[in-house]
Each structure stands twice: as structure tokens, then as C-alpha cells.
Amino acid sequence: MQSQKITINDKCLNFNPGQTILEVAEENNIWIPTLCYLKGATPTGSCRICVVEVEGRRTLSPACSTPAEPDMVIHTESPKVVASRRDILELLLASGNHNCPLGSGREKDWKAAQNDDSTELCPACGDCRLQDLAVYYQVTGEKYVRSKEPEPHPPMETVNPFIVRDFSRCILCGRCVQACNEVQVNRAISFGYRGTESKIVAGIDVPLRDSDCVFCGECVQACPVGALVEKNARYQWRPWETEVIRTTCPYCGVGCQLNLHVKDRRILKVTGVEDGAPNKGRLCVKGRFGFDFIYSEDRLKTPLIKENGGYREASWLEALELVADRFKEIIDRGGPDAIAGVSCARSINEDSYQMQKLFRSVFKTNNIDHCART
Amino acid sequence: MTNSFAEFARAKMFLVIGSNMAEAHPVAATFVKNAVLNGAKLIVIDPRKHRLVDFADRHLQLKVGSDIALLNAIMHVLIQEDLYDKAFATGCCTDFEKLKEKVLEYPPERSADICGIDPNTIREVARELAAVKPAMLCYTLGITEHTCGKNNVMTTANLQMLLGNMGVACGGVNPLRGQNNVQGACDMGALPNVYHGYQKVDDPEIRKKFEKAWGVTGLPEKPGLMIPQMMDGLANGRVKGFYIFGENLANTEPDMDKVAHELDSAEFIVCQDIFPTETTRFADVILPAAAWSENDGTFTNSERRVSRVRTASPAPGEAKPNWWIFKEIAKRFGHDWPANSAREIWDNEISGLAKNFNGIKYSRIEADGLQWPCPSEDHPGTCVLHSSGEFTCGLGRFSPADWSPPAEIPDEAYPLVLSTGRRLYHYHTRTQTGRCEGLNDLLGEETADISFADAERLGVEHGEAVTVRSRRGAVTVKANVTSEVPEGMVWMAFHFNEGCANRLTNAAFDPETLTAEYKACAVTIEKIDQAAAG
Ligand code: SF4
Ligand code: SF4
Ligand code: SF4
């Protein structure tokens with residue numbers, strides 16, 4: 001198909017028919033803010049933060065769901081656009097318990113509205129798209145004064161081991177619903193109720209634990225605010241204090257790419273590497289939440305030698321000498337094939353290579369295998 | 001896998017056999033589900049109605065261990081009704097006549113008696129497979145963990161060759177690997193008959209190459225023992241010294257009592273692990289190893305992609321990287337190995353000594369990994385195997401196979417079939433996941449999954465403790481009454497030492513691959529006599 005032209009912020013750009021305004025902008029490194037838009041899912045245009053001004057149109061158009069058309073002239077940060085975005089942000093900040101230093105500063109209102117005793121500050125402060133945009137557009141959250149008591153929100157859900165759902169901070173953007181239904185296709189959560197009662201529900205409004213949820217955590221990774229947070233990382237993880245280290249999942253043969261968020265040489269949480277091959281940001285429960293085994297107190301920490309039916313601690317020097325001596329002695333007596341070894345299908349390639357090299361080039365036996373079959 | 005995960009989302013048709021993908025390879029399953037939502041067809045062949053079945057156009061709920069009978073009948077129909085890819089099957093493959101002769105012995109009516117699938121359904125499936133091309137065939141351990149595992153694997157390849165689905169994107173034969181680095185351990189030569197890159201130990205040229213590279217003489221030419229042979233060797237004294245690196249053999253091998261006896265017979269056992277396990281109890285020396293995030297290195301996933309593993313935290317106490325331990329032992333035999341990090345081992349040895357890896361260097365896999373074969377440093381890696389015409393010169397060989405029943409089939413004393421596998425929240429013998437707080441919280445014990453029909457017949461309630469007994473042993477677990485399993489089947493995992501299904505499984509093996517038959521043995525379920533128990 002022939003490419004066509006549009007103009008964004010005075011720049012003339014090519015596009016392919018079928019592309020949305022947002023896609024053309026992103027391709028050309030023009031930033032348009034988004035909240036509800038989830039890459040790879042059907043755009044809903046519901047939050048309207050991505051609106052842009054299209055010359056000749058009376059109303060602003062959401063960039064995520066408006067197809068680019070030939071000869072459109074678009075402004076992404078015109079005064080009208082900015083005013084609209086500020087208004088949306090004011091409304092969002094007023095709609096929930098956004099008690100970070102940049103939020104409404106009206107947390108007292110929210111205490112009354114919550115069905116639990118939580119006075120916690122938002123754990124997502126510093127990692128929140130709403131906060132980022134409030135700063136960018138200089139929105140304080142004080143414009144809309146509440147006329148009456150806010151609607152009571154359902155209490156926080158903490159009854160599962162991995163995910164805390166805080167409905168008081170949910171902006172109903174729907175990204176989690178799309179992540180669950182369109183990306184992972186687990187079909188555990190959806191929009192429930194109507195109007196001011198609107199809420200993201202699991203199954204027929206039960207805790208995640210009692211629903212079809214498989215704790216893949218895709219929804220947490222998708223949530224732009226502090227409504228869905230990894231339980232163990234709450235108040236532990238501050239983005240500016242952590243180093244992000246990319247690695248490969250240690251569980252199954254898909255080999256998902258993980259980002260480890262590490263503070264003081266300790267992994268605090270794991271997220272999927274967006275756009276990384278093969279998993280494109282997706283993870284399952286094991287890859288996302290199954291990392292704390294490495295910190296278990298049960299870890300073997302020193303070489304151990306069996307003695308009198310028990311084990312005693314030994315130095316590496318002693319243990320390695322003993323292994324070498326016993327193997328030498330067995331080879332002398334029974335030949336190289338009296339030794340056999342099993343390598344580990346979970347460990348790195350370099351370890352298996354090194355072990356078979358030890359067996360073949362040093363012990364002189366091919367008796368090396370691994371549990372390929374389980 | 002001949003093909004890649006990236007193709008899943010674009011595929012038009014899937015044939016998923018013996019793979020509980022949604023639990024064992026959850027992220028792979030998400031791509032299959034995405035494709036189905038986009039209109040792809042999905043045929044699931046499995047005795048169990050597992051989670052992926054919710055998305056399937058068809059679920060062929062065959063009897064355990066009857067895969068070959070079913071697939072041969074599908075091929076029978078393809079040939080009889082002239083629906084197969086003639087150009088590919090006769091032009092690009094050899095031994096088509098042999099295949100034809102064999103599968104003609106499997107008319108749908110005959111196979112129906114073996115596999116329990118209606119003959120007309122078999123015909124319809126064959127026609128659907130012929131109509132939508134290419135199809136991706138995926139399988140897991142439901143195919144390999146049988147005494148006829150190797151024949152099962154060859155039969156899946158026969159089907160894909162007959163349909164002309166090899167060497168093309170969104171086609172191929174795609175085994176999903178259970179453990180994260182099974183592919184890598186095979187690729188690296190942790191096998192008795194090959195060096196890394198599948199270079200045969202009985203080829204003198206290859207031995208000469210490695211003798212030169214490693215600076216040694218007299219590399220052994222005779223292929224070595226496979227694990228079950230090693231275990232026999234321990235019992236009969238031929239194997240005296242046993243080096244177990246990171247495997248919990250005491251729980252993962254079939255027939256746990258037999259395994260315990262074999263490990264007990266060893267003269268000297270070294271275990272190298274990150275945790276004490278049921279296996280390290282047998283060790284004379286236990287060496288503490290650095291774990292996954294305490295080590296730099298690489299894993300190779302099912303699609304042959306070599307990806308980086310990076311250090312995030314220090315190893316506890318004195319624990320050391322495994323490669324270092326092997327190097328130190330070599331040193332005590334007078335061998336001084338130069339490489340002093342995983343990166344040096346890969347870049348300076350592994351990569352250079354096998355053509356498949358020549359082009360893979362750490363500097364090239366900082367971000368996404370590379371899929372072997374990758375023969376040179378400007379090669380982009382290989383997503384689809386055999387796409388460059390290998391099949392056109394007749395490299396695809398049909399290897400027809402006969403159906404054979406599992407080694408142990410239900411009888412009067414043991415009327416149920418036990419099949420084993422893994423569950424979503426755990427992994428293997430739980431040496432890792434058992435120490436993840438939350439995962440244990442979600443699934444804290446083993447259960448025996450049985451059908452409503454059997455539960456009713458036995459008078460067993462959901463959640464009631466029952467004894468599952470085979471000729472080898474018995475375990476007591478709670479019954480999980482579910483519509484996932486068909487009548488006549490018990491399904492269990494091997495995640496927990498208490499109630500481990502491997503107390504029951506049969507140490508019968510595929511004659512060539514020596515893969516154990518974890519997917520079928522005969523058991524009986526007994527109610528626990530309240531009076532006796534209390
Ligand atoms: S954790 Fe996964 S399955 Fe559960 S609600 Fe979130 S996206 Fe859905
Ligand atoms: S929980 Fe998060 S992702 Fe889901 S609707 Fe609320 S704010 Fe959006
Ligand atoms: S995150 Fe899940 S699907 Fe991905 S590699 Fe790890 S265990 Fe497999």
C-alpha cells in the first residue's frame with residue numbers, strides 16, 4: 001500500500017493506512033500521553049488523556065483510537081488539548097485516594113470513604129503514570145471540591161500471597177481487564193457494577209484467590225497507578241533506588257525474559273521485559289513471583305562431608321581434595337567407566353559444558369547424562 | 001522446536017498433543033490463546049480436559065498411551081482420501097512407501113478400538129488438517145514419557161511431513177521443554193553419546209578435534225551410560241562413583257524405593273546443589289553451588305534461543321559457581337583449564353568448537369538472545385529449521401511405527417491408569433518453589449485427581465484422604481474430584497515428597513531413549529478405613 005502524509009506539530013510525516021494517530025506519533029518519537037491504552041489490545045479511548053486537536057474538527061480526538069487520514073493537521077499540545085488534559089487529571093485525582101505528595105492532599109476525605117483502617121500512603125509514588133502526568137501538566141488536584149462525602153470504596157484486598165488490590169486508587173482505566181482478557185486470556189477480571197459503583201471485579205466479585213485468576217501478574221504490570229501492586233514489593237521498592245537487571249527465567253523451557261529490580265543486591269520484584277523475545281513482557285506466576293527461593297535459610301552454604309552418619313562442615317580445599325582422591329582411587333581400581341555423572345537441566349549452559357568436559361577429558365568416560373526426560 | 005514462539009500468534013492451526021501447556025508453559029499458551037481469539041483453529045489431543053481445552057475447536061480425549069494408533073489412523077485417512085501433500089511427501093521425503101504400507105494397517109475403525117475416538121471424528125480431523133495449512137504441532141512430555149516415546153515423536157514428525165508442514169513458518173514439530181535448560185544441557189553435550197553441538201563421540205575426526213582443543217589424548221570412544229543404566233550400574237557394582245549435579249534423582253526417577261536402594265549401593269556419591277534434597281542424604285560429599293541469580297551465564301530455551309542469565313545477588317556463604325567447582329576438580333587431576341568465567345567458557349570454547357554456535361558471542365546477546373544454528377557472527381540466527389531446502393534433498397525420512405500398549409495396563413487388581421505431570425504453582429520436586437512462600441500458600445499439598453464417575457463408584461468425596469496403590473508402593477493423598485480427568489484415570493504430580501507419585505510410577509523405559517513411562521502405570525484407589533485409621 002502507498003504511504004500517505006499527515007502533519008503532526010508542523011512536521012510532515014508518512015503513515016500507512018490503518019495506523020492510528022498514536023502509532024504514527026510514536027513511530028516518529030512524538031510523545032502523546034496515554035493512560036488506558038495498552039499496546040497489543042483493542043484501544044478503548046476511554047480515559048481521553050491522549051486527545052489531540054485535529055484541524056477542522058470541532059471536538060478533540062483520542063489519538064489511540066482515531067485512524068490517521070491523509071492530510072490531517074494535528075496538534076498534540078495545543079492550549080485546548082492541554083486544558084482538556086488538565087481537567088481530566090483533576091477529575092482523576094479527585095476521584096480516588098491519591099494521597100501522594102502531588103495528589104489531592106485531601107487524604108482525610110478518603111479515610112472516611114474507606115472501609116478499612118488503612119492510612120497508608122500510596123505505594124506507587126514515584127512509579128505512577130497519573131502522578132507523572134500531574135507533574136507534567138502542573139495539576140494539583142484541588143480544583144474539584146467535593147460537595148458530599150465520597151462514595152465508600154470497597155476495602156483493600158490482601159488475601160492472596162502476591163497481589164494487593166486497592167480499589168480506592170483505581171482510576172478504572174481498564175488496562176488490567178485488557179491484560180487479563182486480551183493478552184494473557186485468563187478471563188479472571190472484568191468491569192462490574194455501574195456509575196459511581198463501578199469496580200474491577202474478579203469472577204462474580206470475589207477475591208482473586210477464589211476466581212479464575214492464575215496470578216500471572218500481567219494486570220499488575222499493566223496498572224498505571226497504585227491500585228494493583230506486588231504485595232512483597234510494597235514500600236520496599238522505590239524505582240530510583242533499584243537497579244534493573246535483565247535475565248532469563250529459571251523455570252520452564254519458554255525462557256521468558258525478566259527484569260529483576262534489585263536493591264542492595266536483593267531482588268525486590270520481577271517484571272517482564274516489554275518487547276523482549278520470546279515473551280513480549282508476559283510472565284507466569286512462577287517467573288514473576290517465584291524468586292525468593294534463593295534467599296531461603298535452607299541454602300547450602302559450606303561444603304559438607306559425611307562422617308559418623310552425619311555431616312560436618314569442611315573447607316573447599318578439603319572437600320575438593322577428597323572428591324579428587326576418591327575418584328582417582330575408583331578409576332585406578334575400576335577403570336574410568338566406574339564413574340558416572342548426571343548434569344543439571346536447570347543450570348546454565350556453561351556448567352553442563354564444563355561437567356561433560358570434566359568427565360570426558362579428565363576422567364576419560366562418556367558416562368554423562370542429564371534428566372532430559374522429566 | 002523446529003519453529004519459534006513468535007510464530008504462535010500468527011499461526012492458523014494448532015495440533016497440541018500431550019501438552020498441558022496452560023500449566024506447564026503458561027506464557028506459550030497465552031500466544032496460542034491469542035491466535036485462537038484471532039480465528040486460528042485448535043485441536044487438542046489429550047486424555048485430560050486441561051485448561052487449554054476451553055479454547056479448542058476439538059478435544060480428542062484419547063486413552064492414555066494410544067497416540068500412535070490415533071495419528072496413524074489420521075495419516076491413513078490422509079492417504080486414502082488423497083489429502084496429503086504429495087509434492088512434499090514424495091518429493092522432499094524418503095520412505096513414503098514404507099509409511100503408506102504401515103498406516104494402511106490402521107483404518108479409523110481399528111484405531112478407534114484402541115484410542116477410544118470415534119472413527120468419523122478421526123476422518124473429520126484428518127480433513128480439517130488437510131484443509132488449513134500450515135499447522136503447528138506442539139507436544140510435551142505426554143508424548144515422550146512412554147515406553148513408546150521415541151515412536152510417538154517419530155509419528156508426530158511423520159504426520160507433519162505428510163501434510164507438508166515442515167520447513168515453513170507457523171508449522172513444524174515443536175516439543176516444549178519441561179525444564180528451563182533441558183535444551184541447553186542436550187546442546188552442551190551432557191549426553192552419553194555426543195559432545196556439545198551434537199558431535200558424535202564415536203567419530204574419530206571429532207575426537208581428534210576435541211583432543212586438540214582440550215590439549216588431551218585418548219578421549220573415550222564408546223558412548224556412555226544413560227541415567228537408568230547408571231542406576232542399574234550402582235546396584236550391580238559396575239558404577240562405583242556417582243556425581244550428581246543439581247538433580248533430585250531420589251524423587252524424580254520412577255519407583256522411588258528402587259532408586260533409594262540403588263543410591264544406597266554406591267561407593268561414593270558427590271552431590272552439588274543449592275539445597276539439601278532427598279538425594280543429598282545419600283551423598284558422601286555435598287558441594288554448595290551458586291544459584292540462578294548468583295551467576296553469569298546462558299540458558300537455551302525450547303526454540304533454541306541462547307539468552308543471557310545475569311548476576312543479581314551474591315551467593316550465600318561459601319557457595320561457588322558450578323563451572324568453577326568442575327574446573328577445580330580438573331586441576332587436582334593436573335588439568336589447568338584457562339577459562340575463568342562463564343563468558344570466557346562460552347566465547348573461547350563452546351562457541352568456537354561447534355558450528356551451530358560459531359556466531360553466538362556474549363557481545364551479540366546483550367538484549368534478545370540468538371537462535372542456533374548461527375554459523376557466523378553476521379548470521380541473524382534461525383527461527384525456522386529446515387527452511388533452506390534440506391527437505392528438498394530428501395532429508396526428511398518417514399519412520400513409521402506401530403502402536404504398542406504401555407508396559408503396565410490396568411487389570412482387576414489395579415484397575416486405574418495413573419498419569420503424572422506438573423501443576424501451575426510448582427516446579428519439579430519443589431526444591432525451588434517449595435521455598436517460595438506464596439507459591440506454597442496457593443498449593444500446599446499433593447492430590448489425586450479423579451473423575452466424578454470413579455469418585456461415585458468408590459464412594460469417595462472431594463477432599464477425602466485416599467490411598468493410591470501400585471505394585472511398587474502406596475501414597476495417601478486427598479482426592480481432588482474434577483471433570484478434568486476421564487473415568488478410569490488418576491492424575492498426580494511429583495512436586496511433593498509426601499505423596500510423591502514416583503512412589504507409584506513404573507520403572508519401564510523406552511528401549512532406545514530410556515525415557516521412563518511416567519504417563520502410564522496401573523493403580524488402585526482405596527478409601528481409608530476410618531476405623532483402622534482412628
Ligand atoms: S494476575 Fe493474571 S489472571 Fe489474575 S487477574 Fe491479573 S491478569 Fe488476570
Ligand atoms: S486496577 Fe489499575 S489497571 Fe485496573 S482499572 Fe484500576 S487503575 Fe486501571
Ligand atoms: S515466566 Fe513462566 S512461562 Fe515464562 S519461562 Fe518462566 S515459568 Fe516459563
# chains A, B, ... in the order shown; residues from 1 in each chain; ligands from 1

$ select_by_dssp --residues "range 64-299 of chain B" --states "strand (DSSP E)" --output "ChimeraX atom specification"
/B:93-94,136-139,173-175,194-195,199-200,241-245,268-273,285-288,297-299

$ residues_near_ligand --ligand "ligand 2" --cutoff "9 Å" --atoms "only C-alpha atoms and all ligand atoms" --output "short mmCIF file (atom, residue, chain, number, x, y, z; two decimals) with C-alpha atoms, in the first residue's frame"
data_model
loop_
_atom_site.label_atom_id
_atom_site.label_comp_id
_atom_site.auth_asym_id
_atom_site.auth_seq_id
_atom_site.Cartn_x
_atom_site.Cartn_y
_atom_site.Cartn_z
CA LEU A 35 -3.33 6.00 30.47
CA CYS A 36 -5.83 3.40 29.35
CA ARG A 165 -5.82 -4.64 45.11
CA ASP A 166 -6.53 -1.16 46.41
CA PHE A 167 -9.81 -0.04 44.88
CA ARG A 169 -6.70 4.22 43.96
CA CYS A 170 -8.21 2.64 40.87
CA ILE A 171 -8.87 5.06 38.02
CA LEU A 172 -10.93 2.48 36.09
CA CYS A 173 -8.67 2.76 33.07
CA GLY A 174 -9.35 -0.90 32.19
CA ARG A 175 -5.76 -1.83 31.36
CA CYS A 176 -5.81 -4.71 33.83
CA VAL A 177 -9.00 -6.05 32.26
CA GLN A 178 -7.41 -5.98 28.84
CA ALA A 179 -4.18 -7.51 30.14
CA PHE A 191 -15.76 -4.31 34.79
CA LYS A 199 -15.33 -1.54 40.09
CA ILE A 200 -12.99 -4.08 38.59
CA CYS A 219 -2.59 -6.89 35.45
CA VAL A 220 -0.11 -5.55 37.99
CA GLN A 221 2.41 -4.82 35.27
CA ALA A 222 -0.33 -3.05 33.30
CA CYS A 223 -1.77 -0.92 36.11
CA PRO A 224 -0.58 2.66 35.67
CA VAL A 225 -1.29 3.70 39.27
CA GLY A 226 -1.14 2.22 42.75
CA ALA A 227 -4.30 0.13 42.53
CA LEU A 228 -2.52 -3.16 41.79
#

$ atom_distance --atom1 "CA of His379 in chain B" --atom2 "CA of Lys355 in chain B"
11.9 Å

$ residues_near_ligand --ligand "ligand 3" --cutoff "9 Å" --atoms "only C-alpha atoms and all ligand atoms" --output "MDAnalysis selection string"
(chainID A and resid 216 248:258 272 278:279 282:288 290) or (chainID B and resid 22:29 178:180 301 424 427)

$ closest_residue --among "A:Val273, A:Ala25, A:Ile348, A:Val52" --to "Leu260 in chain A" --atoms "only C-alpha atoms"
A:Val273

$ residues_near_ligand --ligand "ligand 1" --cutoff "7 Å" --atoms "only C-alpha atoms and all ligand atoms" --output "list in words"
Cys176, Ala179, Cys180, Gln184, Asn186, Arg187, Ala188, Ile189, Ala202, Leu208, Asp212, Cys213, Val214, Phe215, Cys216, Gly217, Glu218, Cys219 and Val220 of chain A

$ write_last_selection --atoms "C-alpha atoms" --output "short mmCIF file (atom, residue, chain, number, x, y, z; two decimals), in the first residue's frame"
data_model
loop_
_atom_site.label_atom_id
_atom_site.label_comp_id
_atom_site.auth_asym_id
_atom_site.auth_seq_id
_atom_site.Cartn_x
_atom_site.Cartn_y
_atom_site.Cartn_z
CA CYS A 176 -5.81 -4.71 33.83
CA ALA A 179 -4.18 -7.51 30.14
CA CYS A 180 -6.11 -10.37 31.68
CA GLN A 184 -2.99 -13.50 28.85
CA ASN A 186 -7.16 -15.83 31.61
CA ARG A 187 -10.57 -14.17 31.77
CA ALA A 188 -10.46 -13.65 35.51
CA ILE A 189 -11.43 -9.97 35.85
CA ALA A 202 -12.86 -10.92 39.73
CA LEU A 208 -8.77 -13.12 43.17
CA ASP A 212 -10.11 -17.99 37.75
CA CYS A 213 -7.04 -15.85 38.46
CA VAL A 214 -3.77 -17.73 37.97
CA PHE A 215 -1.61 -14.95 39.44
CA CYS A 216 0.34 -14.26 36.30
CA GLY A 217 0.55 -10.64 37.46
CA GLU A 218 0.02 -9.25 33.96
CA CYS A 219 -2.59 -6.89 35.45
CA VAL A 220 -0.11 -5.55 37.99
#

$ select_by_dssp --residues "range 336-370 of chain A" --states "alpha helix (DSSP H)" --output "MDAnalysis selection string"
chainID A and resid 349:357

$ write_last_selection --atoms "N, CA and C atoms" --output "PDB file, in the first residue's frame"
ATOM      1  N   ASN A 349      24.269 -23.196  30.577  1.00  0.00           N
ATOM      2  CA  ASN A 349      24.965 -23.983  29.563  1.00  0.00           C
ATOM      3  C   ASN A 349      26.415 -24.240  29.935  1.00  0.00           C
ATOM      4  N   GLU A 350      27.065 -23.194  30.425  1.00  0.00           N
ATOM      5  CA  GLU A 350      28.488 -23.270  30.698  1.00  0.00           C
ATOM      6  C   GLU A 350      28.778 -24.336  31.755  1.00  0.00           C
ATOM      7  N   ASP A 351      27.844 -24.527  32.706  1.00  0.00           N
ATOM      8  CA  ASP A 351      28.036 -25.556  33.734  1.00  0.00           C
ATOM      9  C   ASP A 351      27.963 -26.959  33.130  1.00  0.00           C
ATOM     10  N   SER A 352      26.969 -27.188  32.265  1.00  0.00           N
ATOM     11  CA  SER A 352      26.860 -28.515  31.653  1.00  0.00           C
ATOM     12  C   SER A 352      28.061 -28.799  30.755  1.00  0.00           C
ATOM     13  N   TYR A 353      28.472 -27.793  30.006  1.00  0.00           N
ATOM     14  CA  TYR A 353      29.649 -27.964  29.139  1.00  0.00           C
ATOM     15  C   TYR A 353      30.858 -28.366  29.980  1.00  0.00           C
ATOM     16  N   GLN A 354      31.030 -27.636  31.071  1.00  0.00           N
ATOM     17  CA  GLN A 354      32.194 -27.847  31.916  1.00  0.00           C
ATOM     18  C   GLN A 354      32.153 -29.252  32.551  1.00  0.00           C
ATOM     19  N   MET A 355      30.965 -29.711  32.928  1.00  0.00           N
ATOM     20  CA  MET A 355      30.866 -31.018  33.577  1.00  0.00           C
ATOM     21  C   MET A 355      31.177 -32.131  32.576  1.00  0.00           C
ATOM     22  N   GLN A 356      30.635 -32.031  31.347  1.00  0.00           N
ATOM     23  CA  GLN A 356      30.922 -33.098  30.383  1.00  0.00           C
ATOM     24  C   GLN A 356      32.393 -33.058  29.972  1.00  0.00           C
ATOM     25  N   LYS A 357      32.977 -31.868  29.984  1.00  0.00           N
ATOM     26  CA  LYS A 357      34.402 -31.770  29.678  1.00  0.00           C
ATOM     27  C   LYS A 357      35.222 -32.464  30.769  1.00  0.00           C
TER      28      LYS A 357
END

$ residues_around --residues "Asn120 in chain B" --least-positions-apart "5" --cutoff "12 Å" --atoms "only C-alpha atoms" --output "number ranges by chain"
B: 73-74, 77, 107-109, 111-112, 125-127

$ write_last_selection --atoms "N, CA and C atoms" --output "compact mmCIF listing (two decimals), in the first residue's frame"
# COMPACT_ATOMS: atom_id res chain seq x y z
N ALA B 73 -4.02 -43.49 12.21
CA ALA B 73 -5.33 -43.51 11.56
C ALA B 73 -5.59 -42.20 10.82
N ILE B 74 -5.15 -41.09 11.41
CA ILE B 74 -5.30 -39.80 10.71
C ILE B 74 -4.51 -39.86 9.40
N VAL B 77 -6.27 -41.89 6.75
CA VAL B 77 -7.32 -41.14 6.05
C VAL B 77 -6.70 -40.17 5.04
N PRO B 107 -6.82 -48.51 9.77
CA PRO B 107 -8.05 -47.82 9.41
C PRO B 107 -8.71 -47.24 10.68
N PRO B 108 -9.41 -46.12 10.55
CA PRO B 108 -10.00 -45.47 11.73
C PRO B 108 -10.79 -46.45 12.60
N GLU B 109 -11.46 -47.41 11.99
CA GLU B 109 -12.26 -48.34 12.81
C GLU B 109 -11.37 -49.16 13.74
N SER B 111 -8.27 -48.26 14.83
CA SER B 111 -7.67 -47.38 15.83
C SER B 111 -8.70 -46.94 16.86
N ALA B 112 -9.94 -46.78 16.42
CA ALA B 112 -10.99 -46.33 17.34
C ALA B 112 -11.06 -47.26 18.54
N VAL B 125 -11.10 -34.92 11.50
CA VAL B 125 -9.87 -34.24 11.92
C VAL B 125 -8.84 -34.29 10.79
N ALA B 126 -8.72 -35.43 10.15
CA ALA B 126 -7.77 -35.55 9.03
C ALA B 126 -8.13 -34.53 7.94
N ARG B 127 -9.40 -34.40 7.67
CA ARG B 127 -9.81 -33.45 6.61
C ARG B 127 -9.54 -32.01 7.03
